[in-house]
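Text of structure.pdb, listed as PDB, N, CA and C atoms:
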ATOM      1  N   MET A   1      49.842   0.822 -39.821  1.00  0.00           N
ATOM      2  CA  MET A   1      50.747   1.802 -39.274  1.00  0.00           C
ATOM      3  C   MET A   1      49.975   2.829 -38.439  1.00  0.00           C
ATOM      4  N   PHE A   2      48.879   3.358 -38.985  1.00  0.00           N
ATOM      5  CA  PHE A   2      48.121   4.373 -38.265  1.00  0.00           C
ATOM      6  C   PHE A   2      47.466   3.791 -37.016  1.00  0.00           C
ATOM      7  N   PHE A   3      46.984   2.560 -37.108  1.00  0.00           N
ATOM      8  CA  PHE A   3      46.369   1.939 -35.943  1.00  0.00           C
ATOM      9  C   PHE A   3      47.412   1.720 -34.846  1.00  0.00           C
ATOM     10  N   GLY A   4      48.613   1.350 -35.225  1.00  0.00           N
ATOM     11  CA  GLY A   4      49.700   1.208 -34.259  1.00  0.00           C
ATOM     12  C   GLY A   4      49.998   2.530 -33.571  1.00  0.00           C
ATOM     13  N   MET A   5      49.954   3.606 -34.324  1.00  0.00           N
ATOM     14  CA  MET A   5      50.171   4.928 -33.733  1.00  0.00           C
ATOM     15  C   MET A   5      49.042   5.250 -32.749  1.00  0.00           C
ATOM     16  N   PHE A   6      47.810   4.855 -33.094  1.00  0.00           N
ATOM     17  CA  PHE A   6      46.667   5.049 -32.202  1.00  0.00           C
ATOM     18  C   PHE A   6      46.889   4.271 -30.903  1.00  0.00           C
ATOM     19  N   LEU A   7      47.331   3.026 -31.027  1.00  0.00           N
ATOM     20  CA  LEU A   7      47.559   2.199 -29.839  1.00  0.00           C
ATOM     21  C   LEU A   7      48.663   2.765 -28.948  1.00  0.00           C
ATOM     22  N   ARG A   8      49.585   3.517 -29.541  1.00  0.00           N
ATOM     23  CA  ARG A   8      50.665   4.128 -28.759  1.00  0.00           C
ATOM     24  C   ARG A   8      50.278   5.506 -28.227  1.00  0.00           C
ATOM     25  N   GLY A   9      49.009   5.894 -28.400  1.00  0.00           N
ATOM     26  CA  GLY A   9      48.530   7.102 -27.758  1.00  0.00           C
ATOM     27  C   GLY A   9      48.356   8.333 -28.620  1.00  0.00           C
ATOM     28  N   GLN A  10      48.555   8.213 -29.935  1.00  0.00           N
ATOM     29  CA  GLN A  10      48.325   9.368 -30.816  1.00  0.00           C
ATOM     30  C   GLN A  10      46.831   9.689 -30.838  1.00  0.00           C
ATOM     31  N   PRO A  11      46.472  10.963 -30.872  1.00  0.00           N
ATOM     32  CA  PRO A  11      45.045  11.332 -30.922  1.00  0.00           C
ATOM     33  C   PRO A  11      44.380  10.842 -32.213  1.00  0.00           C
ATOM     34  N   VAL A  12      43.177  10.307 -32.064  1.00  0.00           N
ATOM     35  CA  VAL A  12      42.440   9.750 -33.200  1.00  0.00           C
ATOM     36  C   VAL A  12      42.205  10.806 -34.283  1.00  0.00           C
ATOM     37  N   GLU A  13      41.767  11.990 -33.886  1.00  0.00           N
ATOM     38  CA  GLU A  13      41.460  13.019 -34.884  1.00  0.00           C
ATOM     39  C   GLU A  13      42.704  13.456 -35.660  1.00  0.00           C
ATOM     40  N   SER A  14      43.833  13.498 -34.990  1.00  0.00           N
ATOM     41  CA  SER A  14      45.085  13.846 -35.660  1.00  0.00           C
ATOM     42  C   SER A  14      45.440  12.785 -36.712  1.00  0.00           C
ATOM     43  N   LEU A  15      45.250  11.534 -36.356  1.00  0.00           N
ATOM     44  CA  LEU A  15      45.549  10.447 -37.296  1.00  0.00           C
ATOM     45  C   LEU A  15      44.564  10.455 -38.471  1.00  0.00           C
ATOM     46  N   ARG A  16      43.303  10.698 -38.183  1.00  0.00           N
ATOM     47  CA  ARG A  16      42.307  10.783 -39.271  1.00  0.00           C
ATOM     48  C   ARG A  16      42.685  11.886 -40.255  1.00  0.00           C
ATOM     49  N   ALA A  17      43.122  13.015 -39.724  1.00  0.00           N
ATOM     50  CA  ALA A  17      43.507  14.138 -40.593  1.00  0.00           C
ATOM     51  C   ALA A  17      44.708  13.773 -41.460  1.00  0.00           C
ATOM     52  N   GLN A  18      45.611  12.957 -40.938  1.00  0.00           N
ATOM     53  CA  GLN A  18      46.777  12.541 -41.722  1.00  0.00           C
ATOM     54  C   GLN A  18      46.398  11.550 -42.818  1.00  0.00           C
ATOM     55  N   ILE A  19      45.376  10.745 -42.573  1.00  0.00           N
ATOM     56  CA  ILE A  19      44.949   9.739 -43.544  1.00  0.00           C
ATOM     57  C   ILE A  19      44.079  10.352 -44.632  1.00  0.00           C
ATOM     58  N   ASP A  20      43.131  11.177 -44.224  1.00  0.00           N
ATOM     59  CA  ASP A  20      42.094  11.658 -45.127  1.00  0.00           C
ATOM     60  C   ASP A  20      42.599  12.704 -46.114  1.00  0.00           C
ATOM     61  N   VAL A  21      41.921  12.750 -47.253  1.00  0.00           N
ATOM     62  CA  VAL A  21      42.083  13.837 -48.218  1.00  0.00           C
ATOM     63  C   VAL A  21      40.694  14.462 -48.321  1.00  0.00           C
ATOM     64  N   PRO A  22      40.523  15.675 -47.796  1.00  0.00           N
ATOM     65  CA  PRO A  22      39.202  16.303 -47.857  1.00  0.00           C
ATOM     66  C   PRO A  22      38.742  16.497 -49.302  1.00  0.00           C
ATOM     67  N   PRO A  23      37.431  16.364 -49.540  1.00  0.00           N
ATOM     68  CA  PRO A  23      36.917  16.539 -50.905  1.00  0.00           C
ATOM     69  C   PRO A  23      37.313  17.879 -51.531  1.00  0.00           C
ATOM     70  N   LYS A  24      37.336  18.951 -50.735  1.00  0.00           N
ATOM     71  CA  LYS A  24      37.732  20.261 -51.274  1.00  0.00           C
ATOM     72  C   LYS A  24      39.144  20.218 -51.865  1.00  0.00           C
ATOM     73  N   VAL A  25      40.044  19.556 -51.167  1.00  0.00           N
ATOM     74  CA  VAL A  25      41.434  19.443 -51.640  1.00  0.00           C
ATOM     75  C   VAL A  25      41.484  18.605 -52.916  1.00  0.00           C
ATOM     76  N   PHE A  26      40.772  17.487 -52.905  1.00  0.00           N
ATOM     77  CA  PHE A  26      40.749  16.620 -54.081  1.00  0.00           C
ATOM     78  C   PHE A  26      40.237  17.376 -55.301  1.00  0.00           C
ATOM     79  N   PHE A  27      39.125  18.097 -55.166  1.00  0.00           N
ATOM     80  CA  PHE A  27      38.567  18.827 -56.306  1.00  0.00           C
ATOM     81  C   PHE A  27      39.488  19.958 -56.752  1.00  0.00           C
ATOM     82  N   LYS A  28      40.193  20.539 -55.814  1.00  0.00           N
ATOM     83  CA  LYS A  28      41.177  21.577 -56.187  1.00  0.00           C
ATOM     84  C   LYS A  28      42.290  20.952 -57.038  1.00  0.00           C
ATOM     85  N   TRP A  29      42.777  19.791 -56.604  1.00  0.00           N
ATOM     86  CA  TRP A  29      43.811  19.090 -57.377  1.00  0.00           C
ATOM     87  C   TRP A  29      43.322  18.788 -58.788  1.00  0.00           C
ATOM     88  N   MET A  30      42.061  18.341 -58.891  1.00  0.00           N
ATOM     89  CA  MET A  30      41.534  17.935 -60.193  1.00  0.00           C
ATOM     90  C   MET A  30      41.350  19.125 -61.137  1.00  0.00           C
ATOM     91  N   ARG A  31      41.223  20.317 -60.606  1.00  0.00           N
ATOM     92  CA  ARG A  31      41.040  21.509 -61.446  1.00  0.00           C
ATOM     93  C   ARG A  31      42.352  22.103 -61.933  1.00  0.00           C
ATOM     94  N   LEU A  32      43.460  21.715 -61.355  1.00  0.00           N
ATOM     95  CA  LEU A  32      44.734  22.318 -61.749  1.00  0.00           C
ATOM     96  C   LEU A  32      45.062  21.948 -63.196  1.00  0.00           C
ATOM     97  N   PRO A  33      45.281  22.953 -64.035  1.00  0.00           N
ATOM     98  CA  PRO A  33      45.478  22.688 -65.468  1.00  0.00           C
ATOM     99  C   PRO A  33      46.789  21.981 -65.804  1.00  0.00           C
ATOM    100  N   GLU A  34      47.788  22.064 -64.936  1.00  0.00           N
ATOM    101  CA  GLU A  34      49.078  21.464 -65.283  1.00  0.00           C
ATOM    102  C   GLU A  34      49.119  19.945 -65.096  1.00  0.00           C
ATOM    103  N   TYR A  35      48.055  19.367 -64.529  1.00  0.00           N
ATOM    104  CA  TYR A  35      48.029  17.911 -64.331  1.00  0.00           C
ATOM    105  C   TYR A  35      47.475  17.221 -65.565  1.00  0.00           C
ATOM    106  N   ASP A  36      48.240  16.290 -66.105  1.00  0.00           N
ATOM    107  CA  ASP A  36      47.783  15.557 -67.281  1.00  0.00           C
ATOM    108  C   ASP A  36      46.794  14.453 -66.882  1.00  0.00           C
ATOM    109  N   PRO A  37      46.092  13.860 -67.841  1.00  0.00           N
ATOM    110  CA  PRO A  37      45.073  12.844 -67.537  1.00  0.00           C
ATOM    111  C   PRO A  37      45.616  11.639 -66.755  1.00  0.00           C
ATOM    112  N   ASP A  38      46.831  11.198 -67.056  1.00  0.00           N
ATOM    113  CA  ASP A  38      47.403  10.066 -66.316  1.00  0.00           C
ATOM    114  C   ASP A  38      47.604  10.409 -64.842  1.00  0.00           C
ATOM    115  N   PHE A  39      48.069  11.606 -64.577  1.00  0.00           N
ATOM    116  CA  PHE A  39      48.280  12.020 -63.195  1.00  0.00           C
ATOM    117  C   PHE A  39      46.941  12.194 -62.479  1.00  0.00           C
ATOM    118  N   ARG A  40      45.944  12.717 -63.178  1.00  0.00           N
ATOM    119  CA  ARG A  40      44.612  12.859 -62.590  1.00  0.00           C
ATOM    120  C   ARG A  40      44.051  11.489 -62.219  1.00  0.00           C
ATOM    121  N   ASP A  41      44.279  10.496 -63.074  1.00  0.00           N
ATOM    122  CA  ASP A  41      43.836   9.137 -62.771  1.00  0.00           C
ATOM    123  C   ASP A  41      44.541   8.630 -61.506  1.00  0.00           C
ATOM    124  N   HIS A  42      45.820   8.909 -61.388  1.00  0.00           N
ATOM    125  CA  HIS A  42      46.568   8.527 -60.192  1.00  0.00           C
ATOM    126  C   HIS A  42      45.981   9.214 -58.951  1.00  0.00           C
ATOM    127  N   LEU A  43      45.631  10.482 -59.069  1.00  0.00           N
ATOM    128  CA  LEU A  43      45.022  11.204 -57.950  1.00  0.00           C
ATOM    129  C   LEU A  43      43.688  10.577 -57.545  1.00  0.00           C
ATOM    130  N   ARG A  44      42.888  10.197 -58.537  1.00  0.00           N
ATOM    131  CA  ARG A  44      41.603   9.540 -58.235  1.00  0.00           C
ATOM    132  C   ARG A  44      41.821   8.245 -57.463  1.00  0.00           C
ATOM    133  N   ARG A  45      42.759   7.440 -57.932  1.00  0.00           N
ATOM    134  CA  ARG A  45      43.035   6.169 -57.260  1.00  0.00           C
ATOM    135  C   ARG A  45      43.565   6.401 -55.845  1.00  0.00           C
ATOM    136  N   THR A  46      44.414   7.410 -55.686  1.00  0.00           N
ATOM    137  CA  THR A  46      44.956   7.743 -54.373  1.00  0.00           C
ATOM    138  C   THR A  46      43.843   8.190 -53.436  1.00  0.00           C
ATOM    139  N   TYR A  47      42.933   8.999 -53.950  1.00  0.00           N
ATOM    140  CA  TYR A  47      41.810   9.481 -53.139  1.00  0.00           C
ATOM    141  C   TYR A  47      40.962   8.302 -52.646  1.00  0.00           C
ATOM    142  N   VAL A  48      40.601   7.406 -53.550  1.00  0.00           N
ATOM    143  CA  VAL A  48      39.801   6.235 -53.182  1.00  0.00           C
ATOM    144  C   VAL A  48      40.559   5.370 -52.174  1.00  0.00           C
ATOM    145  N   TYR A  49      41.841   5.156 -52.405  1.00  0.00           N
ATOM    146  CA  TYR A  49      42.659   4.354 -51.495  1.00  0.00           C
ATOM    147  C   TYR A  49      42.686   4.966 -50.093  1.00  0.00           C
ATOM    148  N   ARG A  50      42.888   6.289 -50.004  1.00  0.00           N
ATOM    149  CA  ARG A  50      42.947   6.952 -48.696  1.00  0.00           C
ATOM    150  C   ARG A  50      41.610   6.842 -47.968  1.00  0.00           C
ATOM    151  N   LYS A  51      40.511   6.923 -48.703  1.00  0.00           N
ATOM    152  CA  LYS A  51      39.186   6.763 -48.091  1.00  0.00           C
ATOM    153  C   LYS A  51      39.013   5.331 -47.566  1.00  0.00           C
ATOM    154  N   GLN A  52      39.530   4.350 -48.290  1.00  0.00           N
ATOM    155  CA  GLN A  52      39.460   2.960 -47.822  1.00  0.00           C
ATOM    156  C   GLN A  52      40.303   2.770 -46.565  1.00  0.00           C
ATOM    157  N   VAL A  53      41.491   3.353 -46.555  1.00  0.00           N
ATOM    158  CA  VAL A  53      42.362   3.267 -45.373  1.00  0.00           C
ATOM    159  C   VAL A  53      41.668   3.930 -44.187  1.00  0.00           C
ATOM    160  N   LEU A  54      41.035   5.064 -44.405  1.00  0.00           N
ATOM    161  CA  LEU A  54      40.326   5.759 -43.328  1.00  0.00           C
ATOM    162  C   LEU A  54      39.182   4.891 -42.803  1.00  0.00           C
ATOM    163  N   TRP A  55      38.450   4.241 -43.685  1.00  0.00           N
ATOM    164  CA  TRP A  55      37.358   3.368 -43.266  1.00  0.00           C
ATOM    165  C   TRP A  55      37.887   2.216 -42.406  1.00  0.00           C
ATOM    166  N   ILE A  56      38.977   1.598 -42.848  1.00  0.00           N
ATOM    167  CA  ILE A  56      39.571   0.493 -42.082  1.00  0.00           C
ATOM    168  C   ILE A  56      40.066   0.999 -40.731  1.00  0.00           C
ATOM    169  N   PHE A  57      40.740   2.134 -40.718  1.00  0.00           N
ATOM    170  CA  PHE A  57      41.231   2.723 -39.471  1.00  0.00           C
ATOM    171  C   PHE A  57      40.068   2.980 -38.510  1.00  0.00           C
ATOM    172  N   ASP A  58      39.009   3.611 -39.001  1.00  0.00           N
ATOM    173  CA  ASP A  58      37.850   3.885 -38.147  1.00  0.00           C
ATOM    174  C   ASP A  58      37.232   2.594 -37.618  1.00  0.00           C
ATOM    175  N   SER A  59      37.171   1.566 -38.444  1.00  0.00           N
ATOM    176  CA  SER A  59      36.638   0.272 -38.005  1.00  0.00           C
ATOM    177  C   SER A  59      37.487  -0.324 -36.893  1.00  0.00           C
ATOM    178  N   LEU A  60      38.801  -0.259 -37.052  1.00  0.00           N
ATOM    179  CA  LEU A  60      39.697  -0.791 -36.023  1.00  0.00           C
ATOM    180  C   LEU A  60      39.588  -0.005 -34.719  1.00  0.00           C
ATOM    181  N   VAL A  61      39.515   1.315 -34.820  1.00  0.00           N
ATOM    182  CA  VAL A  61      39.399   2.155 -33.633  1.00  0.00           C
ATOM    183  C   VAL A  61      38.084   1.856 -32.915  1.00  0.00           C
ATOM    184  N   THR A  62      36.991   1.787 -33.672  1.00  0.00           N
ATOM    185  CA  THR A  62      35.684   1.500 -33.079  1.00  0.00           C
ATOM    186  C   THR A  62      35.689   0.135 -32.411  1.00  0.00           C
ATOM    187  N   SER A  63      36.246  -0.845 -33.085  1.00  0.00           N
ATOM    188  CA  SER A  63      36.335  -2.195 -32.532  1.00  0.00           C
ATOM    189  C   SER A  63      37.178  -2.209 -31.267  1.00  0.00           C
ATOM    190  N   SER A  64      38.285  -1.507 -31.291  1.00  0.00           N
ATOM    191  CA  SER A  64      39.181  -1.449 -30.137  1.00  0.00           C
ATOM    192  C   SER A  64      38.503  -0.762 -28.956  1.00  0.00           C
ATOM    193  N   GLN A  65      37.792   0.318 -29.219  1.00  0.00           N
ATOM    194  CA  GLN A  65      37.131   1.058 -28.155  1.00  0.00           C
ATOM    195  C   GLN A  65      35.964   0.283 -27.573  1.00  0.00           C
ATOM    196  N   SER A  66      35.275  -0.489 -28.403  1.00  0.00           N
ATOM    197  CA  SER A  66      34.133  -1.259 -27.887  1.00  0.00           C
ATOM    198  C   SER A  66      34.581  -2.493 -27.108  1.00  0.00           C
ATOM    199  N   SER A  67      35.806  -2.957 -27.353  1.00  0.00           N
ATOM    200  CA  SER A  67      36.299  -4.123 -26.618  1.00  0.00           C
ATOM    201  C   SER A  67      37.035  -3.742 -25.340  1.00  0.00           C
ATOM    202  N   THR A  68      37.273  -2.435 -25.152  1.00  0.00           N
ATOM    203  CA  THR A  68      37.923  -1.960 -23.938  1.00  0.00           C
ATOM    204  C   THR A  68      36.888  -1.858 -22.836  1.00  0.00           C
ATOM    205  N   PRO A  69      37.135  -2.509 -21.685  1.00  0.00           N
ATOM    206  CA  PRO A  69      36.151  -2.456 -20.602  1.00  0.00           C
ATOM    207  C   PRO A  69      35.994  -1.043 -20.057  1.00  0.00           C
ATOM    208  N   SER A  70      34.752  -0.686 -19.712  1.00  0.00           N
ATOM    209  CA  SER A  70      34.478   0.625 -19.119  1.00  0.00           C
ATOM    210  C   SER A  70      35.018   0.665 -17.709  1.00  0.00           C
ATOM    211  N   GLN A  71      35.420   1.871 -17.310  1.00  0.00           N
ATOM    212  CA  GLN A  71      35.971   1.995 -15.961  1.00  0.00           C
ATOM    213  C   GLN A  71      35.052   2.745 -15.066  1.00  0.00           C
TER     214      GLN A  71
END

Would you mind giving the structure from this file in structure tokens?
Amino acid sequence: MFFGMFLRGQPVESLRAQIDVPPKVFFKWMRLPEYDPDFRDHLRRTYVYRKQVLWIFDSLVTSSQSSTPSQ
């Protein structure tokens, strides 16, 4: 989905910001006392998943940019 948005002209940095969860935000979430252990586990999995999506997105963008002929 994000790569399709990139191909339609969305700025790369804007898309990266939508995908990523900054470490500061993640650690803030983990410190909140109202979150139970099950929810914290869900947050950890979500964080790892978003980082994987960001890695794949960056790989696709890099691949796409390197295959585009220079003008």

**Item:** Reference answer for the PyMOL selection byres ((chain A and resi 2-6) around 8), as a ChimeraX atom specification
**Value:** /A:1,7-12,15-16,56-57,60-61

Enumerate, as a tab-separated table (two decimals) with N, CA and C atoms, in the coordinates of the input, the complete set of residues in chain A that a backbone-based DSSP assignment places in alpha helix (DSSP H).
chain	number	residue	atom	x	y	z
A	2	PHE	N	48.88	3.36	-38.98
A	2	PHE	CA	48.12	4.37	-38.26
A	2	PHE	C	47.47	3.79	-37.02
A	3	PHE	N	46.98	2.56	-37.11
A	3	PHE	CA	46.37	1.94	-35.94
A	3	PHE	C	47.41	1.72	-34.85
A	4	GLY	N	48.61	1.35	-35.22
A	4	GLY	CA	49.70	1.21	-34.26
A	4	GLY	C	50.00	2.53	-33.57
A	5	MET	N	49.95	3.61	-34.32
A	5	MET	CA	50.17	4.93	-33.73
A	5	MET	C	49.04	5.25	-32.75
A	6	PHE	N	47.81	4.86	-33.09
A	6	PHE	CA	46.67	5.05	-32.20
A	6	PHE	C	46.89	4.27	-30.90
A	7	LEU	N	47.33	3.03	-31.03
A	7	LEU	CA	47.56	2.20	-29.84
A	7	LEU	C	48.66	2.76	-28.95
A	12	VAL	N	43.18	10.31	-32.06
A	12	VAL	CA	42.44	9.75	-33.20
A	12	VAL	C	42.20	10.81	-34.28
A	13	GLU	N	41.77	11.99	-33.89
A	13	GLU	CA	41.46	13.02	-34.88
A	13	GLU	C	42.70	13.46	-35.66
A	14	SER	N	43.83	13.50	-34.99
A	14	SER	CA	45.08	13.85	-35.66
A	14	SER	C	45.44	12.78	-36.71
A	15	LEU	N	45.25	11.53	-36.36
A	15	LEU	CA	45.55	10.45	-37.30
A	15	LEU	C	44.56	10.46	-38.47
A	16	ARG	N	43.30	10.70	-38.18
A	16	ARG	CA	42.31	10.78	-39.27
A	16	ARG	C	42.68	11.89	-40.26
A	17	ALA	N	43.12	13.02	-39.72
A	17	ALA	CA	43.51	14.14	-40.59
A	17	ALA	C	44.71	13.77	-41.46
A	18	GLN	N	45.61	12.96	-40.94
A	18	GLN	CA	46.78	12.54	-41.72
A	18	GLN	C	46.40	11.55	-42.82
A	19	ILE	N	45.38	10.74	-42.57
A	19	ILE	CA	44.95	9.74	-43.54
A	19	ILE	C	44.08	10.35	-44.63
A	23	PRO	N	37.43	16.36	-49.54
A	23	PRO	CA	36.92	16.54	-50.90
A	23	PRO	C	37.31	17.88	-51.53
A	24	LYS	N	37.34	18.95	-50.74
A	24	LYS	CA	37.73	20.26	-51.27
A	24	LYS	C	39.14	20.22	-51.86
A	25	VAL	N	40.04	19.56	-51.17
A	25	VAL	CA	41.43	19.44	-51.64
A	25	VAL	C	41.48	18.60	-52.92
A	26	PHE	N	40.77	17.49	-52.90
A	26	PHE	CA	40.75	16.62	-54.08
A	26	PHE	C	40.24	17.38	-55.30
A	27	PHE	N	39.12	18.10	-55.17
A	27	PHE	CA	38.57	18.83	-56.31
A	27	PHE	C	39.49	19.96	-56.75
A	28	LYS	N	40.19	20.54	-55.81
A	28	LYS	CA	41.18	21.58	-56.19
A	28	LYS	C	42.29	20.95	-57.04
A	29	TRP	N	42.78	19.79	-56.60
A	29	TRP	CA	43.81	19.09	-57.38
A	29	TRP	C	43.32	18.79	-58.79
A	30	MET	N	42.06	18.34	-58.89
A	30	MET	CA	41.53	17.93	-60.19
A	30	MET	C	41.35	19.12	-61.14
A	31	ARG	N	41.22	20.32	-60.61
A	31	ARG	CA	41.04	21.51	-61.45
A	31	ARG	C	42.35	22.10	-61.93
A	37	PRO	N	46.09	13.86	-67.84
A	37	PRO	CA	45.07	12.84	-67.54
A	37	PRO	C	45.62	11.64	-66.76
A	38	ASP	N	46.83	11.20	-67.06
A	38	ASP	CA	47.40	10.07	-66.32
A	38	ASP	C	47.60	10.41	-64.84
A	39	PHE	N	48.07	11.61	-64.58
A	39	PHE	CA	48.28	12.02	-63.20
A	39	PHE	C	46.94	12.19	-62.48
A	40	ARG	N	45.94	12.72	-63.18
A	40	ARG	CA	44.61	12.86	-62.59
A	40	ARG	C	44.05	11.49	-62.22
A	41	ASP	N	44.28	10.50	-63.07
A	41	ASP	CA	43.84	9.14	-62.77
A	41	ASP	C	44.54	8.63	-61.51
A	42	HIS	N	45.82	8.91	-61.39
A	42	HIS	CA	46.57	8.53	-60.19
A	42	HIS	C	45.98	9.21	-58.95
A	43	LEU	N	45.63	10.48	-59.07
A	43	LEU	CA	45.02	11.20	-57.95
A	43	LEU	C	43.69	10.58	-57.54
A	44	ARG	N	42.89	10.20	-58.54
A	44	ARG	CA	41.60	9.54	-58.24
A	44	ARG	C	41.82	8.24	-57.46
A	45	ARG	N	42.76	7.44	-57.93
A	45	ARG	CA	43.04	6.17	-57.26
A	45	ARG	C	43.56	6.40	-55.84
A	46	THR	N	44.41	7.41	-55.69
A	46	THR	CA	44.96	7.74	-54.37
A	46	THR	C	43.84	8.19	-53.44
A	47	TYR	N	42.93	9.00	-53.95
A	47	TYR	CA	41.81	9.48	-53.14
A	47	TYR	C	40.96	8.30	-52.65
A	48	VAL	N	40.60	7.41	-53.55
A	48	VAL	CA	39.80	6.24	-53.18
A	48	VAL	C	40.56	5.37	-52.17
A	49	TYR	N	41.84	5.16	-52.40
A	49	TYR	CA	42.66	4.35	-51.50
A	49	TYR	C	42.69	4.97	-50.09
A	50	ARG	N	42.89	6.29	-50.00
A	50	ARG	CA	42.95	6.95	-48.70
A	50	ARG	C	41.61	6.84	-47.97
A	51	LYS	N	40.51	6.92	-48.70
A	51	LYS	CA	39.19	6.76	-48.09
A	51	LYS	C	39.01	5.33	-47.57
A	52	GLN	N	39.53	4.35	-48.29
A	52	GLN	CA	39.46	2.96	-47.82
A	52	GLN	C	40.30	2.77	-46.56
A	53	VAL	N	41.49	3.35	-46.56
A	53	VAL	CA	42.36	3.27	-45.37
A	53	VAL	C	41.67	3.93	-44.19
A	54	LEU	N	41.04	5.06	-44.40
A	54	LEU	CA	40.33	5.76	-43.33
A	54	LEU	C	39.18	4.89	-42.80
A	55	TRP	N	38.45	4.24	-43.68
A	55	TRP	CA	37.36	3.37	-43.27
A	55	TRP	C	37.89	2.22	-42.41
A	56	ILE	N	38.98	1.60	-42.85
A	56	ILE	CA	39.57	0.49	-42.08
A	56	ILE	C	40.07	1.00	-40.73
A	57	PHE	N	40.74	2.13	-40.72
A	57	PHE	CA	41.23	2.72	-39.47
A	57	PHE	C	40.07	2.98	-38.51
A	58	ASP	N	39.01	3.61	-39.00
A	58	ASP	CA	37.85	3.88	-38.15
A	58	ASP	C	37.23	2.59	-37.62
A	59	SER	N	37.17	1.57	-38.44
A	59	SER	CA	36.64	0.27	-38.01
A	59	SER	C	37.49	-0.32	-36.89
A	60	LEU	N	38.80	-0.26	-37.05
A	60	LEU	CA	39.70	-0.79	-36.02
A	60	LEU	C	39.59	0.00	-34.72
A	61	VAL	N	39.52	1.32	-34.82
A	61	VAL	CA	39.40	2.15	-33.63
A	61	VAL	C	38.08	1.86	-32.92
A	62	THR	N	36.99	1.79	-33.67
A	62	THR	CA	35.68	1.50	-33.08
A	62	THR	C	35.69	0.14	-32.41
A	63	SER	N	36.25	-0.84	-33.08
A	63	SER	CA	36.34	-2.19	-32.53
A	63	SER	C	37.18	-2.21	-31.27
A	64	SER	N	38.28	-1.51	-31.29
A	64	SER	CA	39.18	-1.45	-30.14
A	64	SER	C	38.50	-0.76	-28.96
A	65	GLN	N	37.79	0.32	-29.22
A	65	GLN	CA	37.13	1.06	-28.16
A	65	GLN	C	35.96	0.28	-27.57
A	66	SER	N	35.28	-0.49	-28.40
A	66	SER	CA	34.13	-1.26	-27.89
A	66	SER	C	34.58	-2.49	-27.11
A	67	SER	N	35.81	-2.96	-27.35
A	67	SER	CA	36.30	-4.12	-26.62
A	67	SER	C	37.03	-3.74	-25.34

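The spacing separating atom CA of A:Phe26 from atom CA of A:Ser59 amounts to 23.3 Å.
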
Step by step, work through what the PyMOL selection byres (((chain A and resi 51 and name CA) around 12) and name CA) selects in the shown file, and finish by giving those residues as a CSV table (one decimal) with N, CA and C atoms, in the frame of the given file.
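Produced file part.csv, reproduced below:
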chain,number,residue,atom,x,y,z
A,16,ARG,N,43.3,10.7,-38.2
A,16,ARG,CA,42.3,10.8,-39.3
A,16,ARG,C,42.7,11.9,-40.3
A,17,ALA,N,43.1,13.0,-39.7
A,17,ALA,CA,43.5,14.1,-40.6
A,17,ALA,C,44.7,13.8,-41.5
A,18,GLN,N,45.6,13.0,-40.9
A,18,GLN,CA,46.8,12.5,-41.7
A,18,GLN,C,46.4,11.6,-42.8
A,19,ILE,N,45.4,10.7,-42.6
A,19,ILE,CA,44.9,9.7,-43.5
A,19,ILE,C,44.1,10.4,-44.6
A,20,ASP,N,43.1,11.2,-44.2
A,20,ASP,CA,42.1,11.7,-45.1
A,20,ASP,C,42.6,12.7,-46.1
A,21,VAL,N,41.9,12.8,-47.3
A,21,VAL,CA,42.1,13.8,-48.2
A,21,VAL,C,40.7,14.5,-48.3
A,22,PRO,N,40.5,15.7,-47.8
A,22,PRO,CA,39.2,16.3,-47.9
A,22,PRO,C,38.7,16.5,-49.3
A,23,PRO,N,37.4,16.4,-49.5
A,23,PRO,CA,36.9,16.5,-50.9
A,23,PRO,C,37.3,17.9,-51.5
A,26,PHE,N,40.8,17.5,-52.9
A,26,PHE,CA,40.7,16.6,-54.1
A,26,PHE,C,40.2,17.4,-55.3
A,44,ARG,N,42.9,10.2,-58.5
A,44,ARG,CA,41.6,9.5,-58.2
A,44,ARG,C,41.8,8.2,-57.5
A,45,ARG,N,42.8,7.4,-57.9
A,45,ARG,CA,43.0,6.2,-57.3
A,45,ARG,C,43.6,6.4,-55.8
A,46,THR,N,44.4,7.4,-55.7
A,46,THR,CA,45.0,7.7,-54.4
A,46,THR,C,43.8,8.2,-53.4
A,47,TYR,N,42.9,9.0,-54.0
A,47,TYR,CA,41.8,9.5,-53.1
A,47,TYR,C,41.0,8.3,-52.6
A,48,VAL,N,40.6,7.4,-53.6
A,48,VAL,CA,39.8,6.2,-53.2
A,48,VAL,C,40.6,5.4,-52.2
A,49,TYR,N,41.8,5.2,-52.4
A,49,TYR,CA,42.7,4.4,-51.5
A,49,TYR,C,42.7,5.0,-50.1
A,50,ARG,N,42.9,6.3,-50.0
A,50,ARG,CA,42.9,7.0,-48.7
A,50,ARG,C,41.6,6.8,-48.0
A,52,GLN,N,39.5,4.4,-48.3
A,52,GLN,CA,39.5,3.0,-47.8
A,52,GLN,C,40.3,2.8,-46.6
A,53,VAL,N,41.5,3.4,-46.6
A,53,VAL,CA,42.4,3.3,-45.4
A,53,VAL,C,41.7,3.9,-44.2
A,54,LEU,N,41.0,5.1,-44.4
A,54,LEU,CA,40.3,5.8,-43.3
A,54,LEU,C,39.2,4.9,-42.8
A,55,TRP,N,38.4,4.2,-43.7
A,55,TRP,CA,37.4,3.4,-43.3
A,55,TRP,C,37.9,2.2,-42.4
A,56,ILE,N,39.0,1.6,-42.8
A,56,ILE,CA,39.6,0.5,-42.1
A,56,ILE,C,40.1,1.0,-40.7
A,57,PHE,N,40.7,2.1,-40.7
A,57,PHE,CA,41.2,2.7,-39.5
A,57,PHE,C,40.1,3.0,-38.5
A,58,ASP,N,39.0,3.6,-39.0
A,58,ASP,CA,37.8,3.9,-38.1
A,58,ASP,C,37.2,2.6,-37.6

**Fill in**
From atom CA of A:Arg40 to atom CA of A:Lys24 the spacing works out at 15.2 Å
